[in-house]
>>> print(open('my_file_20.cif').read())   # mmCIF, C-alpha atoms
data_input
loop_
_atom_site.group_PDB
_atom_site.id
_atom_site.type_symbol
_atom_site.label_atom_id
_atom_site.label_comp_id
_atom_site.auth_asym_id
_atom_site.auth_seq_id
_atom_site.Cartn_x
_atom_site.Cartn_y
_atom_site.Cartn_z
ATOM 1 C CA MET T 1 0.000 0.000 0.000
ATOM 2 C CA THR T 2 1.384 3.414 -0.986
ATOM 3 C CA LEU T 3 1.014 6.590 1.063
ATOM 4 C CA PHE T 4 -1.664 7.870 -1.319
ATOM 5 C CA ASP T 5 -3.605 4.611 -1.001
ATOM 6 C CA PHE T 6 -3.389 4.972 2.766
ATOM 7 C CA TRP T 7 -5.166 8.323 2.735
ATOM 8 C CA ASP T 8 -7.799 7.084 0.274
ATOM 9 C CA VAL T 9 -8.606 4.113 2.504
ATOM 10 C CA LEU T 10 -8.559 6.258 5.647
ATOM 11 C CA VAL T 11 -11.157 8.616 4.156
ATOM 12 C CA LEU T 12 -13.395 5.661 3.275
ATOM 13 C CA GLY T 13 -12.952 4.291 6.791
ATOM 14 C CA VAL T 14 -13.900 7.605 8.413
ATOM 15 C CA VAL T 15 -17.025 7.839 6.228
ATOM 16 C CA LEU T 16 -18.053 4.295 7.121
ATOM 17 C CA GLY T 17 -17.178 4.806 10.768
ATOM 18 C CA SER T 18 -19.358 7.930 10.944
ATOM 19 C CA LEU T 19 -22.359 5.880 9.822
ATOM 20 C CA TYR T 20 -21.623 3.070 12.280
ATOM 21 C CA ALA T 21 -21.206 5.552 15.138
ATOM 22 C CA VAL T 22 -24.567 7.237 14.492
ATOM 23 C CA ILE T 23 -26.361 3.870 14.299
ATOM 24 C CA ALA T 24 -24.571 2.623 17.426
ATOM 25 C CA ILE T 25 -25.974 5.546 19.440
ATOM 26 C CA GLY T 26 -29.430 3.959 19.310
ATOM 27 C CA TYR T 27 -28.169 0.657 20.675
ATOM 28 C CA THR T 28 -26.126 2.203 23.449
ATOM 29 C CA LEU T 29 -28.793 4.650 24.663
ATOM 30 C CA VAL T 30 -31.452 1.963 25.001
ATOM 31 C CA TYR T 31 -29.059 -0.462 26.673
ATOM 32 C CA GLY T 32 -27.832 2.205 29.065
ATOM 33 C CA VAL T 33 -31.362 2.949 30.255
ATOM 34 C CA LEU T 34 -33.112 -0.430 30.038
ATOM 35 C CA GLN T 35 -30.273 -2.989 29.810
ATOM 36 C CA LEU T 36 -32.058 -4.056 26.617
ATOM 37 C CA LEU T 37 -30.414 -5.138 23.347
ATOM 38 C CA ASN T 38 -32.815 -3.576 20.862
ATOM 39 C CA PHE T 39 -32.012 -5.604 17.746
ATOM 40 C CA ALA T 40 -35.008 -4.022 15.998
ATOM 41 C CA HIS T 41 -32.949 -0.810 15.786
ATOM 42 C CA SER T 42 -31.557 -2.055 12.466
ATOM 43 C CA GLU T 43 -35.089 -1.790 11.057
ATOM 44 C CA VAL T 44 -35.406 1.752 12.428
ATOM 45 C CA PHE T 45 -32.317 2.465 10.324
ATOM 46 C CA MET T 46 -33.974 0.801 7.321
ATOM 47 C CA THR T 47 -37.204 2.810 7.626
ATOM 48 C CA GLY T 48 -35.184 6.027 7.663
ATOM 49 C CA GLY T 49 -33.675 5.062 4.319
ATOM 50 C CA PHE T 50 -37.094 4.388 2.788
ATOM 51 C CA GLY T 51 -38.471 7.619 4.233
ATOM 52 C CA GLY T 52 -35.727 9.653 2.581
ATOM 53 C CA VAL T 53 -36.118 7.905 -0.779
ATOM 54 C CA ILE T 54 -39.896 8.293 -0.892
ATOM 55 C CA ALA T 55 -39.862 11.954 0.163
ATOM 56 C CA LEU T 56 -37.187 12.882 -2.363
ATOM 57 C CA THR T 57 -38.806 10.896 -5.170
ATOM 58 C CA LEU T 58 -41.837 13.155 -4.809
ATOM 59 C CA VAL T 59 -39.936 16.452 -5.005
ATOM 60 C CA VAL T 60 -36.609 16.015 -6.827
ATOM 61 C CA PRO T 61 -36.904 17.075 -10.489
ATOM 62 C CA VAL T 62 -35.449 15.134 -13.413
ATOM 63 C CA ALA T 63 -33.175 18.045 -14.358
ATOM 64 C CA ALA T 64 -30.087 18.820 -12.296
ATOM 65 C CA PRO T 65 -31.131 20.950 -9.272
ATOM 66 C CA SER T 66 -29.509 24.234 -8.271
ATOM 67 C CA LEU T 67 -27.196 24.549 -5.270
ATOM 68 C CA ALA T 68 -29.947 25.924 -3.030
ATOM 69 C CA GLN T 69 -32.331 23.176 -4.128
ATOM 70 C CA SER T 70 -29.702 20.519 -3.475
ATOM 71 C CA ALA T 71 -29.168 21.779 0.065
ATOM 72 C CA GLY T 72 -32.915 21.755 0.638
ATOM 73 C CA TYR T 73 -33.234 18.200 -0.666
ATOM 74 C CA VAL T 74 -30.481 16.988 1.661
ATOM 75 C CA VAL T 75 -32.124 18.634 4.675
ATOM 76 C CA LEU T 76 -35.497 17.201 3.637
ATOM 77 C CA GLY T 77 -34.021 13.701 3.288
ATOM 78 C CA ILE T 78 -32.279 13.798 6.667
ATOM 79 C CA CYS T 79 -35.324 15.216 8.458
ATOM 80 C CA THR T 80 -37.747 12.774 6.828
ATOM 81 C CA GLY T 81 -35.536 9.788 7.581
ATOM 82 C CA ALA T 82 -34.965 10.944 11.162
ATOM 83 C CA LEU T 83 -38.667 11.613 11.826
ATOM 84 C CA LEU T 84 -39.771 8.291 10.371
ATOM 85 C CA GLY T 85 -37.088 6.468 12.359
ATOM 86 C CA ALA T 86 -38.165 8.246 15.554
ATOM 87 C CA THR T 87 -41.811 7.392 14.885
ATOM 88 C CA VAL T 88 -41.049 3.704 14.399
ATOM 89 C CA ALA T 89 -38.845 3.668 17.516
ATOM 90 C CA PHE T 90 -41.579 5.383 19.558
ATOM 91 C CA PHE T 91 -44.248 2.852 18.601
ATOM 92 C CA LEU T 92 -41.770 0.000 18.979
ATOM 93 C CA GLU T 93 -41.205 0.946 22.614
ATOM 94 C CA LYS T 94 -44.883 1.645 23.289
ATOM 95 C CA VAL T 95 -46.271 -1.522 21.674
ATOM 96 C CA ALA T 96 -43.517 -4.121 22.039
ATOM 97 C CA TYR T 97 -41.440 -3.225 25.101
ATOM 98 C CA ARG T 98 -43.528 -1.167 27.525
ATOM 99 C CA PRO T 99 -46.089 -3.925 28.256
ATOM 100 C CA LEU T 100 -43.230 -6.321 29.015
ATOM 101 C CA ARG T 101 -41.539 -3.786 31.276
ATOM 102 C CA ARG T 102 -44.727 -3.194 33.248
ATOM 103 C CA ARG T 103 -45.083 -6.944 33.783
ATOM 104 C CA ASN T 104 -41.415 -7.261 34.842
ATOM 105 C CA ALA T 105 -40.798 -9.781 32.068
ATOM 106 C CA PRO T 106 -37.447 -11.630 32.030
ATOM 107 C CA ARG T 107 -34.635 -10.161 29.897
ATOM 108 C CA LEU T 108 -34.822 -13.129 27.544
ATOM 109 C CA VAL T 109 -38.416 -12.190 26.679
ATOM 110 C CA PHE T 110 -37.282 -8.676 25.735
ATOM 111 C CA LEU T 111 -34.588 -10.144 23.494
ATOM 112 C CA ILE T 112 -37.006 -12.522 21.751
ATOM 113 C CA THR T 113 -39.476 -9.659 21.298
ATOM 114 C CA ALA T 114 -36.756 -7.483 19.742
ATOM 115 C CA ILE T 115 -35.862 -10.193 17.247
ATOM 116 C CA GLY T 116 -39.532 -10.769 16.443
ATOM 117 C CA ALA T 117 -40.114 -7.031 15.940
ATOM 118 C CA SER T 118 -37.111 -6.920 13.614
ATOM 119 C CA PHE T 119 -38.498 -9.742 11.458
ATOM 120 C CA PHE T 120 -41.933 -8.125 11.400
ATOM 121 C CA LEU T 121 -40.658 -4.680 10.393
ATOM 122 C CA TYR T 122 -38.392 -5.719 7.556
ATOM 123 C CA ASN T 123 -40.966 -8.097 6.108
ATOM 124 C CA LEU T 124 -43.588 -5.338 6.343
ATOM 125 C CA ALA T 125 -41.216 -3.014 4.490
ATOM 126 C CA GLY T 126 -40.679 -5.674 1.833
ATOM 127 C CA LYS T 127 -44.437 -6.026 1.445
ATOM 128 C CA LEU T 128 -45.079 -2.273 1.266
ATOM 129 C CA PHE T 129 -42.129 -1.147 -0.867
ATOM 130 C CA GLY T 130 -41.234 -4.307 -2.760
ATOM 131 C CA ARG T 131 -38.267 -6.629 -2.561
ATOM 132 C CA ASN T 132 -36.194 -4.753 -5.140
ATOM 133 C CA ALA T 133 -33.677 -2.077 -4.189
ATOM 134 C CA MET T 134 -34.673 1.574 -4.640
ATOM 135 C CA PRO T 135 -32.039 4.099 -5.761
ATOM 136 C CA MET T 136 -31.765 7.469 -4.051
ATOM 137 C CA PRO T 137 -32.913 10.324 -6.347
ATOM 138 C CA ARG T 138 -30.100 12.505 -7.666
ATOM 139 C CA MET T 139 -30.033 15.449 -5.272
ATOM 140 C CA TYR T 140 -26.788 17.024 -6.494
ATOM 141 C CA GLU T 141 -23.791 16.580 -8.755
ATOM 142 C CA ASN T 142 -21.359 14.533 -6.671
ATOM 143 C CA ARG T 143 -18.282 16.612 -7.406
ATOM 144 C CA THR T 144 -14.903 16.677 -5.659
ATOM 145 C CA VAL T 145 -14.842 19.402 -3.015
ATOM 146 C CA LEU T 146 -11.523 18.788 -1.231
ATOM 147 C CA THR T 147 -8.141 17.297 -2.067
ATOM 148 C CA ILE T 148 -5.887 16.209 0.808
ATOM 149 C CA PHE T 149 -2.548 14.546 0.027
ATOM 150 C CA ASP T 150 -3.837 13.860 -3.517
ATOM 151 C CA THR T 151 -6.876 12.135 -1.979
ATOM 152 C CA THR T 152 -10.166 13.477 -3.286
ATOM 153 C CA ILE T 153 -13.197 13.951 -1.059
ATOM 154 C CA ASN T 154 -16.547 14.273 -2.794
ATOM 155 C CA ILE T 155 -19.777 15.922 -1.671
ATOM 156 C CA THR T 156 -21.388 12.692 -0.462
ATOM 157 C CA GLN T 157 -18.410 11.737 1.707
ATOM 158 C CA LEU T 158 -18.237 15.222 3.202
ATOM 159 C CA LEU T 159 -22.004 15.205 3.793
ATOM 160 C CA ILE T 160 -21.902 11.885 5.662
ATOM 161 C CA VAL T 161 -18.953 12.829 7.882
ATOM 162 C CA CYS T 162 -20.152 16.350 8.694
ATOM 163 C CA SER T 163 -23.733 15.208 9.352
ATOM 164 C CA GLY T 164 -22.509 12.307 11.477
ATOM 165 C CA VAL T 165 -20.192 14.477 13.577
ATOM 166 C CA LEU T 166 -22.912 17.104 14.076
ATOM 167 C CA MET T 167 -25.467 14.507 15.187
ATOM 168 C CA LEU T 168 -22.983 12.872 17.560
ATOM 169 C CA LEU T 169 -22.172 16.232 19.141
ATOM 170 C CA ILE T 170 -25.879 16.986 19.563
ATOM 171 C CA VAL T 171 -26.537 13.646 21.279
ATOM 172 C CA ASP T 172 -23.538 14.085 23.554
ATOM 173 C CA HIS T 173 -24.805 17.543 24.529
ATOM 174 C CA VAL T 174 -28.335 16.258 25.151
ATOM 175 C CA VAL T 175 -27.154 13.391 27.363
ATOM 176 C CA ASN T 176 -24.676 15.425 29.398
ATOM 177 C CA ARG T 177 -26.042 18.978 29.433
ATOM 178 C CA THR T 178 -29.854 18.931 29.356
ATOM 179 C CA LYS T 179 -32.757 18.076 31.659
ATOM 180 C CA LEU T 180 -33.650 15.113 29.452
ATOM 181 C CA GLY T 181 -30.069 13.901 29.688
ATOM 182 C CA SER T 182 -30.189 14.159 33.478
ATOM 183 C CA GLY T 183 -33.315 12.010 33.447
ATOM 184 C CA ILE T 184 -31.698 9.478 31.128
ATOM 185 C CA ARG T 185 -28.632 9.209 33.339
ATOM 186 C CA ALA T 186 -30.728 8.999 36.509
ATOM 187 C CA VAL T 187 -32.883 6.167 35.148
ATOM 188 C CA ALA T 188 -29.783 4.387 33.866
ATOM 189 C CA GLN T 189 -28.146 4.564 37.290
ATOM 190 C CA ASP T 190 -31.106 3.594 39.492
ATOM 191 C CA PRO T 191 -34.660 3.658 38.071
ATOM 192 C CA GLU T 192 -36.352 3.088 41.447
ATOM 193 C CA VAL T 193 -34.597 6.023 43.118
ATOM 194 C CA ALA T 194 -35.161 8.163 40.024
ATOM 195 C CA SER T 195 -38.875 7.400 40.211
ATOM 196 C CA LEU T 196 -38.982 8.374 43.907
ATOM 197 C CA MET T 197 -37.282 11.654 43.006
ATOM 198 C CA GLY T 198 -40.072 12.500 40.565
ATOM 199 C CA VAL T 199 -38.629 11.263 37.279
ATOM 200 C CA ASN T 200 -41.293 9.945 34.901
ATOM 201 C CA ILE T 201 -39.732 6.633 33.883
ATOM 202 C CA ASP T 202 -42.090 5.961 30.976
ATOM 203 C CA LYS T 203 -41.493 9.420 29.509
ATOM 204 C CA VAL T 204 -37.708 9.145 29.820
ATOM 205 C CA VAL T 205 -37.651 5.688 28.217
ATOM 206 C CA SER T 206 -39.934 6.825 25.391
ATOM 207 C CA ARG T 207 -37.790 9.882 24.682
ATOM 208 C CA THR T 208 -34.658 7.769 24.778
ATOM 209 C CA PHE T 209 -36.106 5.554 22.047
ATOM 210 C CA ILE T 210 -37.109 8.647 20.061
ATOM 211 C CA LEU T 211 -33.609 10.108 20.335
ATOM 212 C CA GLY T 212 -32.039 6.843 19.196
ATOM 213 C CA GLY T 213 -34.628 6.581 16.413
ATOM 214 C CA LEU T 214 -33.779 10.057 15.155
ATOM 215 C CA MET T 215 -30.128 9.055 14.860
ATOM 216 C CA GLY T 216 -30.896 5.674 13.266
ATOM 217 C CA GLY T 217 -33.357 7.098 10.735
ATOM 218 C CA ALA T 218 -30.985 9.882 9.689
ATOM 219 C CA ALA T 219 -28.201 7.312 9.300
ATOM 220 C CA GLY T 220 -30.495 5.249 7.059
ATOM 221 C CA PHE T 221 -30.886 8.190 4.702
ATOM 222 C CA LEU T 222 -27.143 8.903 4.693
ATOM 223 C CA PHE T 223 -26.476 5.229 3.939
ATOM 224 C CA GLY T 224 -28.868 5.509 0.993
ATOM 225 C CA THR T 225 -26.794 8.292 -0.547
ATOM 226 C CA THR T 226 -23.994 5.808 -1.233
ATOM 227 C CA ASN T 227 -26.038 2.616 -1.572
ATOM 228 C CA GLN T 228 -29.474 1.641 -2.755
ATOM 229 C CA VAL T 229 -32.267 1.303 -0.200
ATOM 230 C CA PHE T 230 -33.799 -2.158 0.293
ATOM 231 C CA TYR T 231 -35.856 -3.923 2.917
ATOM 232 C CA THR T 232 -32.992 -5.922 4.472
ATOM 233 C CA MET T 233 -30.449 -3.087 4.351
ATOM 234 C CA GLY T 234 -30.375 -2.763 8.136
ATOM 235 C CA PHE T 235 -29.037 -6.219 8.941
ATOM 236 C CA LEU T 236 -25.281 -5.984 8.312
ATOM 237 C CA PRO T 237 -24.831 -2.281 9.230
ATOM 238 C CA GLY T 238 -26.970 -2.899 12.318
ATOM 239 C CA ILE T 239 -24.915 -5.888 13.483
ATOM 240 C CA THR T 240 -21.676 -4.000 12.852
ATOM 241 C CA ALA T 241 -22.957 -0.918 14.683
ATOM 242 C CA PHE T 242 -23.963 -3.110 17.619
ATOM 243 C CA ALA T 243 -20.422 -4.491 17.627
ATOM 244 C CA ALA T 244 -19.168 -0.895 17.590
ATOM 245 C CA ALA T 245 -21.273 -0.088 20.655
ATOM 246 C CA VAL T 246 -19.847 -3.134 22.447
ATOM 247 C CA LEU T 247 -16.307 -2.233 21.363
ATOM 248 C CA GLY T 248 -16.562 1.282 22.752
ATOM 249 C CA GLY T 249 -18.396 0.176 25.903
ATOM 250 C CA ILE T 250 -22.077 -0.718 25.595
ATOM 251 C CA GLY T 251 -24.167 1.937 27.312
ATOM 252 C CA ASN T 252 -21.568 4.667 26.789
ATOM 253 C CA VAL T 253 -22.432 7.358 24.223
ATOM 254 C CA ARG T 254 -18.868 8.474 23.575
ATOM 255 C CA GLY T 255 -17.793 4.860 23.504
ATOM 256 C CA ALA T 256 -20.288 4.222 20.685
ATOM 257 C CA MET T 257 -18.745 7.088 18.719
ATOM 258 C CA LEU T 258 -15.225 5.790 19.266
ATOM 259 C CA GLY T 259 -16.190 2.188 18.558
ATOM 260 C CA GLY T 260 -18.009 3.090 15.344
ATOM 261 C CA MET T 261 -15.099 5.089 13.993
ATOM 262 C CA THR T 262 -12.621 2.364 14.954
ATOM 263 C CA LEU T 263 -14.573 -0.428 13.262
ATOM 264 C CA GLY T 264 -15.143 1.662 10.133
ATOM 265 C CA ILE T 265 -11.433 2.331 9.702
ATOM 266 C CA VAL T 266 -10.443 -1.281 10.478
ATOM 267 C CA GLU T 267 -13.020 -2.555 7.980
ATOM 268 C CA ALA T 268 -11.798 -0.227 5.232
ATOM 269 C CA PHE T 269 -8.153 -1.267 5.641
ATOM 270 C CA THR T 270 -9.096 -4.955 5.862
ATOM 271 C CA VAL T 271 -10.925 -4.745 2.524
ATOM 272 C CA ASP T 272 -8.025 -2.886 0.908
ATOM 273 C CA VAL T 273 -5.377 -5.371 2.089
ATOM 274 C CA PHE T 274 -7.204 -8.721 2.039
ATOM 275 C CA GLY T 275 -10.221 -8.158 -0.218
ATOM 276 C CA ASP T 276 -13.950 -7.728 0.285
ATOM 277 C CA ALA T 277 -14.437 -11.336 1.456
ATOM 278 C CA TRP T 278 -12.530 -10.430 4.639
ATOM 279 C CA ARG T 279 -14.535 -7.247 5.319
ATOM 280 C CA TYR T 280 -16.165 -8.353 8.571
ATOM 281 C CA VAL T 281 -13.364 -10.703 9.644
ATOM 282 C CA GLY T 282 -11.063 -7.785 10.401
ATOM 283 C CA ALA T 283 -13.726 -5.690 12.105
ATOM 284 C CA PHE T 284 -15.020 -8.432 14.368
ATOM 285 C CA GLY T 285 -11.503 -9.733 14.955
ATOM 286 C CA ALA T 286 -10.596 -6.303 16.325
ATOM 287 C CA LEU T 287 -13.673 -6.485 18.563
ATOM 288 C CA VAL T 288 -12.614 -9.867 19.976
ATOM 289 C CA LEU T 289 -9.056 -8.686 20.620
ATOM 290 C CA VAL T 290 -10.186 -5.566 22.471
ATOM 291 C CA LEU T 291 -12.701 -7.473 24.587
ATOM 292 C CA MET T 292 -10.049 -10.044 25.519
ATOM 293 C CA ILE T 293 -7.957 -7.222 26.969
ATOM 294 C CA ARG T 294 -10.806 -5.028 28.231
ATOM 295 C CA PRO T 295 -14.093 -6.953 28.560
ATOM 296 C CA THR T 296 -16.137 -3.814 29.241
ATOM 297 C CA GLY T 297 -15.011 -2.151 26.001
ATOM 298 C CA ILE T 298 -12.606 0.712 25.347
ATOM 299 C CA LEU T 299 -14.331 3.205 27.669
ATOM 300 C CA GLY T 300 -16.485 0.711 29.515
ATOM 301 C CA GLU T 301 -18.843 3.076 31.312
ATOM 302 C CA ARG T 302 -22.597 3.253 31.425
ATOM 303 C CA VAL T 303 -24.700 6.253 30.375
ATOM 304 C CA ALA T 304 -25.220 6.922 34.075
ATOM 305 C CA ARG T 305 -21.524 7.608 34.596
ATOM 306 C CA THR T 306 -20.603 9.585 31.493
ATOM 307 C CA ALA T 307 -21.384 13.017 32.888
#
>>> encode(input="my_file_20.cif", output="structure tokens")
Amino acid sequence: MTLFDFWDVLVLGVVLGSLYAVIAIGYTLVYGVLQLLNFAHSEVFMTGGFGGVIALTLVVPVAAPSLAQSAGYVVLGICTGALLGATVAFFLEKVAYRPLRRRNAPRLVFLITAIGASFFLYNLAGKLFGRNAMPMPRMYENRTVLTIFDTTINITQLLIVCSGVLMLLIVDHVVNRTKLGSGIRAVAQDPEVASLMGVNIDKVVSRTFILGGLMGGAAGFLFGTTNQVFYTMGFLPGITAFAAAVLGGIGNVRGAMLGGMTLGIVEAFTVDVFGDAWRYVGAFGALVLVLMIRPTGILGERVARTA
């Protein structure tokens, strides 16, 4: 690998890692509050992709749009994907998880319910939108905007990284600097004491799902800008993002960011050196190695202790 190849691969890894980090936020928030592995989050990601495609298909013209129009289309796609993802996450918690929580169901029941909800949602999407992949409408001319060490960075790559970083900063601020974040951290640390102190547990849990859904849905749209959108698109990115959350320290917001970026970069270099068949071998191998040394992940703290 030459020096120029190194920078090319690093850029691809950062782009991929930004997506994984945003998806991983949903896993880590829910686990931090409920100790629940919400495997249906991958379908929240998928619905965000479909939401962006459908909204843009209705408004994007056939002719090349202007700069102002392109910016508007991107904002529309992100907002539509995020809102649809948040809506699905909200109803997922209200319909699938809240009744189990009120009945003090065993953790295994939550896990089985999450898997069942995942199967239901992606098959419903396949029924509603078809089994064929849907391309993202052309929102802009994907030109080169930056050149660093002879490595070109196009509009889509810059959009994904900048949007991902902005969303991660917003979530970190919400968790550590707002009233909602205080409630999230209180419930994560001790829900019974939080309830006695006046914290509405149901409201905090619901808003936690909504916050994770916003991130997952927006990530689904961003994923669609580089790939086609299809009903099973959430499976592999979702599993990898879950691994990223575990790598950084499941239940830790900043750990999810770090884990996502790490796995994205490792995956990109693995593909470049060994080929696409080894894509997930390198990423999950890195996960195993880290957990052998530090079983709680790189940061290894819960949401309750990240303030």
>>> closest_residue(input="my_file_20.cif", among="T:Thr232, T:Thr152, T:Phe274, T:Gln35", to="Leu10 of chain T", atoms="all atoms listed in the file")
T:Thr152
>>> closest_atom_pairs(input="my_file_20.cif", of="segment 141-208 of chain T", to="segment 239-260 of chain T", cutoff="9 Å", atoms="only C-alpha atoms", output="CSV")
residue,atom,partner,partner_atom,distance
T:Leu168,CA,T:Met257,CA,7.3
T:Val171,CA,T:Val253,CA,8.1
T:Asp172,CA,T:Val253,CA,6.9
T:Val175,CA,T:Val253,CA,8.3
T:Ala188,CA,T:Gly251,CA,9.0
>>> atom_distance(input="my_file_20.cif", atom1="atom CA of Arg101 of chain T", atom2="atom CA of Thr296 of chain T")
25.5 Å
>>> residues_around(input="my_file_20.cif", residues="segment 74-80 of chain T", least_positions_apart="4", cutoff="7 Å", atoms="only C-alpha atoms", output="number ranges by chain")
T: 51-52, 55-56, 70, 84, 218, 221
>>> write_last_selection(input="my_file_20.cif", atoms="C-alpha atoms", output="PDB file, in the coordinates of the input")
ATOM      1  CA  GLY T  51     -38.471   7.619   4.233  1.00  0.00           C
ATOM      2  CA  GLY T  52     -35.727   9.653   2.581  1.00  0.00           C
ATOM      3  CA  ALA T  55     -39.862  11.954   0.163  1.00  0.00           C
ATOM      4  CA  LEU T  56     -37.187  12.882  -2.363  1.00  0.00           C
ATOM      5  CA  SER T  70     -29.702  20.519  -3.475  1.00  0.00           C
ATOM      6  CA  LEU T  84     -39.771   8.291  10.371  1.00  0.00           C
ATOM      7  CA  ALA T 218     -30.985   9.882   9.689  1.00  0.00           C
ATOM      8  CA  PHE T 221     -30.886   8.190   4.702  1.00  0.00           C
TER       9      PHE T 221
END
>>> atom_distance(input="my_file_20.cif", atom1="atom CA of Gly234 of chain T", atom2="atom CA of Thr47 of chain T")
8.8 Å
>>> atom_distance(input="my_file_20.cif", atom1="atom CA of Ser118 of chain T", atom2="atom CA of Phe39 of chain T")
6.7 Å
>>> resolve_selection(input="my_file_20.cif", expression="the PyMOL selection byres ((chain T and resi 132) around 12)", output="VMD selection string")
chain T and resid 125 to 131 133 to 135 228 to 233
>>> axis_aligned_box(input="my_file_20.cif", around="segment 229-241 of chain T", padding_each_side="8 Å", output="AutoDock Vina command-line options")
--center_x -28.8 --center_y -2.5 --center_z 7.2 --size_x 30.2 --size_y 23.5 --size_z 30.9
>>> residues_around(input="my_file_20.cif", residues="segment 29-34 of chain T", least_positions_apart="3", cutoff="8 Å", atoms="all atoms listed in the file", output="PyMOL selection string")
chain T and resi 25-26+37-38+184-185+187-189+205+208-209+212+250-253+302-304
>>> closest_residue(input="my_file_20.cif", among="T:Pro191, T:Gly216, T:Pro65, T:Gly72", to="Val88 of chain T", atoms="all atoms listed in the file")
T:Gly216
>>> residues_around(input="my_file_20.cif", residues="Leu100 of chain T", least_positions_apart="2", cutoff="12 Å", atoms="all atoms listed in the file", output="PyMOL selection string")
chain T and resi 34+36+92-98+102-114
>>> write_last_selection(input="my_file_20.cif", atoms="C-alpha atoms", output="PDB file, in the coordinates of the input")
ATOM      1  CA  LEU T  34     -33.112  -0.430  30.038  1.00  0.00           C
ATOM      2  CA  LEU T  36     -32.058  -4.056  26.617  1.00  0.00           C
ATOM      3  CA  LEU T  92     -41.770   0.000  18.979  1.00  0.00           C
ATOM      4  CA  GLU T  93     -41.205   0.946  22.614  1.00  0.00           C
ATOM      5  CA  LYS T  94     -44.883   1.645  23.289  1.00  0.00           C
ATOM      6  CA  VAL T  95     -46.271  -1.522  21.674  1.00  0.00           C
ATOM      7  CA  ALA T  96     -43.517  -4.121  22.039  1.00  0.00           C
ATOM      8  CA  TYR T  97     -41.440  -3.225  25.101  1.00  0.00           C
ATOM      9  CA  ARG T  98     -43.528  -1.167  27.525  1.00  0.00           C
ATOM     10  CA  ARG T 102     -44.727  -3.194  33.248  1.00  0.00           C
ATOM     11  CA  ARG T 103     -45.083  -6.944  33.783  1.00  0.00           C
ATOM     12  CA  ASN T 104     -41.415  -7.261  34.842  1.00  0.00           C
ATOM     13  CA  ALA T 105     -40.798  -9.781  32.068  1.00  0.00           C
ATOM     14  CA  PRO T 106     -37.447 -11.630  32.030  1.00  0.00           C
ATOM     15  CA  ARG T 107     -34.635 -10.161  29.897  1.00  0.00           C
ATOM     16  CA  LEU T 108     -34.822 -13.129  27.544  1.00  0.00           C
ATOM     17  CA  VAL T 109     -38.416 -12.190  26.679  1.00  0.00           C
ATOM     18  CA  PHE T 110     -37.282  -8.676  25.735  1.00  0.00           C
ATOM     19  CA  LEU T 111     -34.588 -10.144  23.494  1.00  0.00           C
ATOM     20  CA  ILE T 112     -37.006 -12.522  21.751  1.00  0.00           C
ATOM     21  CA  THR T 113     -39.476  -9.659  21.298  1.00  0.00           C
ATOM     22  CA  ALA T 114     -36.756  -7.483  19.742  1.00  0.00           C
TER      23      ALA T 114
END
>>> residues_around(input="my_file_20.cif", residues="Gly220 of chain T", least_positions_apart="3", cutoff="8 Å", atoms="all atoms listed in the file", output="VMD selection string")
chain T and resid 45 to 50 81 216 to 217 223 to 224
>>> resolve_selection(input="my_file_20.cif", expression="the PyMOL selection byres ((chain T and resi 143) around 9)", output="ChimeraX atom specification")
/T:140-142,144-145,153-156
>>> resolve_selection(input="my_file_20.cif", expression="the PyMOL selection byres ((chain T and resi 148) around 10)", output="VMD selection string")
chain T and resid 4 7 to 8 11 146 to 147 149 to 153
>>> residues_around(input="my_file_20.cif", residues="Trp278 of chain T", least_positions_apart="6", cutoff="9 Å", atoms="only C-alpha atoms", output="number ranges by chain")
T: 267, 270-271
>>> write_last_selection(input="my_file_20.cif", atoms="C-alpha atoms", output="mmCIF file, in the coordinates of the input")
data_model
loop_
_atom_site.group_PDB
_atom_site.id
_atom_site.type_symbol
_atom_site.label_atom_id
_atom_site.label_comp_id
_atom_site.auth_asym_id
_atom_site.auth_seq_id
_atom_site.Cartn_x
_atom_site.Cartn_y
_atom_site.Cartn_z
ATOM 1 C CA GLU T 267 -13.020 -2.555 7.980
ATOM 2 C CA THR T 270 -9.096 -4.955 5.862
ATOM 3 C CA VAL T 271 -10.925 -4.745 2.524
#
>>> decode(input="my_file_20.cif", residues="segment 239-245 of chain T", atoms="N, CA and C atoms", output="CSV table (one decimal), in the first residue's frame")
chain,number,residue,atom,x,y,z
T,239,ILE,N,-25.8,-5.0,12.7
T,239,ILE,CA,-24.9,-5.9,13.5
T,239,ILE,C,-23.5,-5.3,13.7
T,240,THR,N,-23.0,-4.6,12.7
T,240,THR,CA,-21.7,-4.0,12.9
T,240,THR,C,-21.7,-2.8,13.8
T,241,ALA,N,-22.8,-2.0,13.8
T,241,ALA,CA,-23.0,-0.9,14.7
T,241,ALA,C,-23.1,-1.4,16.1
T,242,PHE,N,-23.8,-2.5,16.3
T,242,PHE,CA,-24.0,-3.1,17.6
T,242,PHE,C,-22.6,-3.5,18.1
T,243,ALA,N,-21.8,-4.1,17.3
T,243,ALA,CA,-20.4,-4.5,17.6
T,243,ALA,C,-19.6,-3.2,18.0
T,244,ALA,N,-19.9,-2.1,17.3
T,244,ALA,CA,-19.2,-0.9,17.6
T,244,ALA,C,-19.5,-0.4,19.0
T,245,ALA,N,-20.8,-0.5,19.3
T,245,ALA,CA,-21.3,-0.1,20.7
T,245,ALA,C,-20.6,-0.9,21.7
